[in-house]
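As provided, work10.pdb (PDB, C-alpha atoms) reads as follows.
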```pdb
ATOM      1  CA  MET A   1      16.070 110.759 165.569  1.00  0.00           C
ATOM      2  CA  THR A   2      18.447 108.902 167.863  1.00  0.00           C
ATOM      3  CA  PRO A   3      22.176 108.651 167.132  1.00  0.00           C
ATOM      4  CA  ARG A   4      21.748 104.963 166.356  1.00  0.00           C
ATOM      5  CA  GLN A   5      19.040 105.704 163.740  1.00  0.00           C
ATOM      6  CA  ARG A   6      21.198 108.418 162.169  1.00  0.00           C
ATOM      7  CA  ARG A   7      24.153 106.037 161.929  1.00  0.00           C
ATOM      8  CA  THR A   8      21.964 103.315 160.395  1.00  0.00           C
ATOM      9  CA  THR A   9      20.509 105.800 157.903  1.00  0.00           C
ATOM     10  CA  LEU A  10      24.022 106.961 156.991  1.00  0.00           C
ATOM     11  CA  VAL A  11      25.278 103.391 156.496  1.00  0.00           C
ATOM     12  CA  VAL A  12      22.241 102.463 154.383  1.00  0.00           C
ATOM     13  CA  GLY A  13      22.714 105.642 152.308  1.00  0.00           C
ATOM     14  CA  ILE A  14      26.403 104.893 151.733  1.00  0.00           C
ATOM     15  CA  LEU A  15      25.637 101.286 150.748  1.00  0.00           C
ATOM     16  CA  ALA A  16      22.921 102.445 148.355  1.00  0.00           C
ATOM     17  CA  GLY A  17      25.307 104.971 146.777  1.00  0.00           C
ATOM     18  CA  VAL A  18      28.107 102.421 146.361  1.00  0.00           C
ATOM     19  CA  SER A  19      25.660  99.892 144.908  1.00  0.00           C
ATOM     20  CA  LEU A  20      24.312 102.438 142.434  1.00  0.00           C
ATOM     21  CA  ALA A  21      27.851 103.427 141.396  1.00  0.00           C
ATOM     22  CA  GLY A  22      28.729  99.750 140.899  1.00  0.00           C
ATOM     23  CA  VAL A  23      25.664  99.123 138.738  1.00  0.00           C
ATOM     24  CA  LEU A  24      26.401 102.185 136.602  1.00  0.00           C
ATOM     25  CA  ALA A  25      30.064 101.184 136.193  1.00  0.00           C
ATOM     26  CA  LEU A  26      29.143  97.631 135.157  1.00  0.00           C
ATOM     27  CA  ASN A  27      26.587  98.946 132.683  1.00  0.00           C
ATOM     28  CA  ALA A  28      29.137 101.292 131.120  1.00  0.00           C
ATOM     29  CA  PHE A  29      31.713  98.491 130.969  1.00  0.00           C
ATOM     30  CA  ARG A  30      29.262  96.091 129.299  1.00  0.00           C
ATOM     31  CA  ASP A  31      28.341  98.711 126.683  1.00  0.00           C
ATOM     32  CA  ASN A  32      31.998  99.393 125.845  1.00  0.00           C
ATOM     33  CA  VAL A  33      33.297  95.813 125.663  1.00  0.00           C
ATOM     34  CA  MET A  34      34.059  94.750 122.117  1.00  0.00           C
ATOM     35  CA  PHE A  35      34.442  91.027 121.450  1.00  0.00           C
ATOM     36  CA  PHE A  36      36.659  89.504 118.767  1.00  0.00           C
ATOM     37  CA  PHE A  37      35.259  87.094 116.170  1.00  0.00           C
ATOM     38  CA  ASP A  38      36.895  85.400 113.210  1.00  0.00           C
ATOM     39  CA  PRO A  39      35.108  84.813 109.878  1.00  0.00           C
ATOM     40  CA  SER A  40      34.170  81.203 110.736  1.00  0.00           C
ATOM     41  CA  GLN A  41      32.410  82.360 113.900  1.00  0.00           C
ATOM     42  CA  VAL A  42      30.602  85.109 111.989  1.00  0.00           C
ATOM     43  CA  VAL A  43      29.391  82.699 109.289  1.00  0.00           C
ATOM     44  CA  ALA A  44      28.301  80.212 112.000  1.00  0.00           C
ATOM     45  CA  GLY A  45      26.081  82.918 113.511  1.00  0.00           C
ATOM     46  CA  GLU A  46      28.050  83.349 116.744  1.00  0.00           C
ATOM     47  CA  ALA A  47      28.610  87.071 116.179  1.00  0.00           C
ATOM     48  CA  PRO A  48      25.896  89.534 117.201  1.00  0.00           C
ATOM     49  CA  ILE A  49      23.855  91.304 114.530  1.00  0.00           C
ATOM     50  CA  GLU A  50      23.895  95.124 114.681  1.00  0.00           C
ATOM     51  CA  LYS A  51      26.229  95.238 117.730  1.00  0.00           C
ATOM     52  CA  ARG A  52      29.822  96.405 117.623  1.00  0.00           C
ATOM     53  CA  PHE A  53      32.562  93.780 117.616  1.00  0.00           C
ATOM     54  CA  ARG A  54      35.996  93.203 116.118  1.00  0.00           C
ATOM     55  CA  LEU A  55      36.435  91.019 113.036  1.00  0.00           C
ATOM     56  CA  GLY A  56      39.912  89.720 112.352  1.00  0.00           C
ATOM     57  CA  GLY A  57      41.656  87.657 109.731  1.00  0.00           C
ATOM     58  CA  MET A  58      43.604  88.021 106.541  1.00  0.00           C
ATOM     59  CA  VAL A  59      42.654  90.260 103.621  1.00  0.00           C
ATOM     60  CA  ARG A  60      41.927  87.822 100.779  1.00  0.00           C
ATOM     61  CA  PRO A  61      44.032  88.690  97.703  1.00  0.00           C
ATOM     62  CA  GLY A  62      42.112  90.091  94.760  1.00  0.00           C
ATOM     63  CA  THR A  63      39.151  91.275  96.839  1.00  0.00           C
ATOM     64  CA  VAL A  64      40.083  94.869  97.647  1.00  0.00           C
ATOM     65  CA  ASP A  65      37.737  97.078  95.643  1.00  0.00           C
ATOM     66  CA  ARG A  66      37.997 100.869  95.920  1.00  0.00           C
ATOM     67  CA  LEU A  67      35.323 103.130  94.474  1.00  0.00           C
ATOM     68  CA  ALA A  68      37.092 105.727  92.296  1.00  0.00           C
ATOM     69  CA  GLY A  69      36.810 109.279  93.573  1.00  0.00           C
ATOM     70  CA  SER A  70      35.581 108.360  97.043  1.00  0.00           C
ATOM     71  CA  LEU A  71      36.739 106.825 100.292  1.00  0.00           C
ATOM     72  CA  ASP A  72      34.382 103.823  99.906  1.00  0.00           C
ATOM     73  CA  MET A  73      35.961 100.414  99.651  1.00  0.00           C
ATOM     74  CA  SER A  74      35.204  96.762 100.202  1.00  0.00           C
ATOM     75  CA  PHE A  75      37.324  93.686 100.774  1.00  0.00           C
ATOM     76  CA  VAL A  76      37.024  90.148 102.102  1.00  0.00           C
ATOM     77  CA  VAL A  77      38.433  88.981 105.428  1.00  0.00           C
ATOM     78  CA  THR A  78      39.236  85.281 105.640  1.00  0.00           C
ATOM     79  CA  ASP A  79      40.528  82.744 108.145  1.00  0.00           C
ATOM     80  CA  PHE A  80      41.151  80.336 105.237  1.00  0.00           C
ATOM     81  CA  LYS A  81      37.968  78.433 106.155  1.00  0.00           C
ATOM     82  CA  GLN A  82      35.272  81.097 105.725  1.00  0.00           C
ATOM     83  CA  ASP A  83      35.078  84.591 104.226  1.00  0.00           C
ATOM     84  CA  VAL A  84      33.239  87.734 105.330  1.00  0.00           C
ATOM     85  CA  LYS A  85      32.757  90.771 103.094  1.00  0.00           C
ATOM     86  CA  VAL A  86      33.684  94.089 104.731  1.00  0.00           C
ATOM     87  CA  VAL A  87      32.664  97.543 103.573  1.00  0.00           C
ATOM     88  CA  TYR A  88      34.427 100.629 104.863  1.00  0.00           C
ATOM     89  CA  THR A  89      34.323 104.351 104.232  1.00  0.00           C
ATOM     90  CA  GLY A  90      37.424 106.242 105.244  1.00  0.00           C
ATOM     91  CA  VAL A  91      41.171 106.304 105.002  1.00  0.00           C
ATOM     92  CA  VAL A  92      42.799 102.929 105.582  1.00  0.00           C
ATOM     93  CA  PRO A  93      46.181 102.616 107.308  1.00  0.00           C
ATOM     94  CA  ASP A  94      49.198 102.879 105.019  1.00  0.00           C
ATOM     95  CA  LEU A  95      50.109  99.270 105.778  1.00  0.00           C
ATOM     96  CA  PHE A  96      46.712  97.866 104.770  1.00  0.00           C
ATOM     97  CA  ARG A  97      47.093  95.497 101.825  1.00  0.00           C
ATOM     98  CA  GLU A  98      46.047  92.128 100.483  1.00  0.00           C
ATOM     99  CA  ASN A  99      47.227  88.894 102.141  1.00  0.00           C
ATOM    100  CA  GLN A 100      48.008  90.694 105.424  1.00  0.00           C
ATOM    101  CA  GLY A 101      46.425  90.560 108.851  1.00  0.00           C
ATOM    102  CA  VAL A 102      43.665  93.040 109.638  1.00  0.00           C
ATOM    103  CA  VAL A 103      41.258  93.795 112.477  1.00  0.00           C
ATOM    104  CA  ALA A 104      38.098  95.720 111.629  1.00  0.00           C
ATOM    105  CA  HIS A 105      35.821  97.337 114.222  1.00  0.00           C
ATOM    106  CA  GLY A 106      32.170  97.656 113.272  1.00  0.00           C
ATOM    107  CA  ARG A 107      28.797  95.935 113.003  1.00  0.00           C
ATOM    108  CA  LEU A 108      27.435  92.974 111.085  1.00  0.00           C
ATOM    109  CA  GLY A 109      24.357  93.817 109.052  1.00  0.00           C
ATOM    110  CA  ASN A 110      21.357  91.557 108.502  1.00  0.00           C
ATOM    111  CA  ASP A 111      22.687  90.927 104.980  1.00  0.00           C
ATOM    112  CA  GLY A 112      25.879  89.306 106.361  1.00  0.00           C
ATOM    113  CA  ILE A 113      28.114  92.197 105.325  1.00  0.00           C
ATOM    114  CA  PHE A 114      30.357  93.665 108.001  1.00  0.00           C
ATOM    115  CA  VAL A 115      30.235  97.475 108.028  1.00  0.00           C
ATOM    116  CA  ALA A 116      33.520  98.681 109.513  1.00  0.00           C
ATOM    117  CA  ASP A 117      34.043 102.057 111.118  1.00  0.00           C
ATOM    118  CA  GLU A 118      37.727 101.495 111.904  1.00  0.00           C
ATOM    119  CA  ILE A 119      40.440  99.388 110.250  1.00  0.00           C
ATOM    120  CA  LEU A 120      43.628  98.340 112.024  1.00  0.00           C
ATOM    121  CA  ALA A 121      46.496  96.856 110.033  1.00  0.00           C
ATOM    122  CA  LYS A 122      49.692  95.172 111.071  1.00  0.00           C
ATOM    123  CA  HIS A 123      52.652  97.417 111.784  1.00  0.00           C
ATOM    124  CA  ASP A 124      55.503  95.572 110.073  1.00  0.00           C
ATOM    125  CA  GLU A 125      56.112  92.580 107.824  1.00  0.00           C
ATOM    126  CA  ASN A 126      56.711  90.193 110.742  1.00  0.00           C
ATOM    127  CA  TYR A 127      53.609  90.973 112.782  1.00  0.00           C
ATOM    128  CA  MET A 128      50.005  89.822 112.827  1.00  0.00           C
ATOM    129  CA  PRO A 129      47.552  90.832 115.564  1.00  0.00           C
ATOM    130  CA  PRO A 130      47.751  88.087 118.239  1.00  0.00           C
ATOM    131  CA  GLU A 131      44.034  87.330 118.225  1.00  0.00           C
ATOM    132  CA  VAL A 132      44.057  86.959 114.426  1.00  0.00           C
ATOM    133  CA  ALA A 133      47.036  84.581 114.517  1.00  0.00           C
ATOM    134  CA  ARG A 134      45.462  82.565 117.347  1.00  0.00           C
ATOM    135  CA  ALA A 135      42.093  82.306 115.579  1.00  0.00           C
ATOM    136  CA  ILE A 136      43.638  81.235 112.265  1.00  0.00           C
ATOM    137  CA  LYS A 137      45.853  78.636 113.946  1.00  0.00           C
ATOM    138  CA  GLU A 138      42.915  77.215 115.928  1.00  0.00           C
ATOM    139  CA  LYS A 139      40.834  76.870 112.763  1.00  0.00           C
ATOM    140  CA  ASN A 140      43.652  75.108 110.937  1.00  0.00           C
ATOM    141  CA  GLY A 141      44.874  72.552 113.452  1.00  0.00           C
ATOM    142  CA  GLY A 142      47.594  74.685 115.020  1.00  0.00           C
ATOM    143  CA  VAL A 143      49.434  75.631 111.811  1.00  0.00           C
ATOM    144  CA  MET A 144      49.336  78.737 109.683  1.00  0.00           C
ATOM    145  CA  PRO A 145      48.009  77.761 106.241  1.00  0.00           C
ATOM    146  CA  VAL A 146      49.669  78.770 103.015  1.00  0.00           C
ATOM    147  CA  SER A 147      47.589  81.319 101.173  1.00  0.00           C
ATOM    148  CA  PRO A 148      46.452  79.967  97.794  1.00  0.00           C
ATOM    149  CA  ASP A 149      47.727  83.155  96.141  1.00  0.00           C
ATOM    150  CA  SER A 150      51.104  83.150  97.839  1.00  0.00           C
ATOM    151  CA  THR A 151      54.191  80.976  97.852  1.00  0.00           C
ATOM    152  CA  ALA A 152      54.794  81.466 101.566  1.00  0.00           C
ATOM    153  CA  PRO A 153      52.505  81.386 104.581  1.00  0.00           C
ATOM    154  CA  PRO A 154      51.543  84.692 106.169  1.00  0.00           C
ATOM    155  CA  ARG A 155      54.146  85.728 108.714  1.00  0.00           C
ATOM    156  CA  ILE A 156      53.312  86.060 112.377  1.00  0.00           C
TER     157      ILE A 156
END
```
The structure given in the file should be rewritten as structure tokens.
Amino acid sequence: MTPRQRRTTLVVGILAGVSLAGVLALNAFRDNVMFFFDPSQVVAGEAPIEKRFRLGGMVRPGTVDRLAGSLDMSFVVTDFKQDVKVVYTGVVPDLFRENQGVVAHGRLGNDGIFVADEILAKHDENYMPPEVARAIKEKNGGVMPVSPDSTAPPRI
């Protein structure tokens, strides 16, 4: 093999290795990306079935239902236009409560119920996750609606 052929083989090998690494990295990135959807998008069928994504909105008052003696619970997430039922098994954050912002990670089942494997709640009374606030404002003409069960709008 001549020096020129060795160099060409080396360059082709390096390019093949870099290309393979790039393809593997993109595949891993695509598998780990989690998109955010609000309840209106989920009801409209924009959210994937049986693939992980984040669902965000407000916990509708009066919908939190805990099964006595277990960690099973259900509640409804709303953007004040549409509602999505969420079921979850586990310990919820201390700050999880009705009429507050929440982001749930999980999968949407064929029955339209979101099965969460992680629940994230706001961290103080003046905060709502930015994507939840943005989605609710977009659905309501740029203003935060007043919850029907509250005298004041949810705080951002």
I'd like to see the residues matched by the PyMOL selection byres ((chain A and resi 100) around 6) on this file, and ideally I'd get them as a ChimeraX atom specification.
/A:58-59,98-99,101
So which residues get picked by the PyMOL selection byres ((chain A and resi 75-91) around 6) here, written as an mmCIF file with C-alpha atoms, keeping the file's coordinate frame?
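File written: selection03.cif
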```
data_model
loop_
_atom_site.group_PDB
_atom_site.id
_atom_site.type_symbol
_atom_site.label_atom_id
_atom_site.label_comp_id
_atom_site.auth_asym_id
_atom_site.auth_seq_id
_atom_site.Cartn_x
_atom_site.Cartn_y
_atom_site.Cartn_z
ATOM 1 C CA PRO A 39 35.108 84.813 109.878
ATOM 2 C CA SER A 40 34.170 81.203 110.736
ATOM 3 C CA GLY A 57 41.656 87.657 109.731
ATOM 4 C CA MET A 58 43.604 88.021 106.541
ATOM 5 C CA VAL A 59 42.654 90.260 103.621
ATOM 6 C CA ARG A 60 41.927 87.822 100.779
ATOM 7 C CA THR A 63 39.151 91.275 96.839
ATOM 8 C CA VAL A 64 40.083 94.869 97.647
ATOM 9 C CA LEU A 71 36.739 106.825 100.292
ATOM 10 C CA ASP A 72 34.382 103.823 99.906
ATOM 11 C CA MET A 73 35.961 100.414 99.651
ATOM 12 C CA SER A 74 35.204 96.762 100.202
ATOM 13 C CA VAL A 92 42.799 102.929 105.582
ATOM 14 C CA ILE A 113 28.114 92.197 105.325
ATOM 15 C CA PHE A 114 30.357 93.665 108.001
ATOM 16 C CA VAL A 115 30.235 97.475 108.028
ATOM 17 C CA ALA A 116 33.520 98.681 109.513
ATOM 18 C CA ILE A 136 43.638 81.235 112.265
#
```
Result set of the PyMOL selection byres ((chain A and resi 25-35) around 6) on the coordinates above, as a PyMOL selection string
chain A and resi 22-24+36+53-54
Could you tell me, as a PyMOL selection string, which residues have any atom at most 7 Å from (40.5, 89.9, 115.9), counting all atoms listed in the file?
chain A and resi 36-38+54-57+103+131-132
Kindly compute an axis-aligned box around the listed atoms of stretch 64-83 of chain A, allowing 8 Å on each side, and express its centre and edge lengths in Å to one decimal as lines of an AutoDock Vina configuration file.
```
center_x = 37.8
center_y = 93.9
center_z = 100.2
size_x = 22.8
size_y = 46.8
size_z = 31.8
```
For atom CA of A:Asp65 and atom CA of A:Lys139, quote the distance in Å rounded to one decimal.
26.7 Å
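Between atom CA of A:Pro48 and atom CA of A:Leu67 there is a distance of 28.1 Å.
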What does the distance between atom CA of A:Asp111 and atom CA of A:Val42 come to in Å, to one decimal place?
12.1 Å
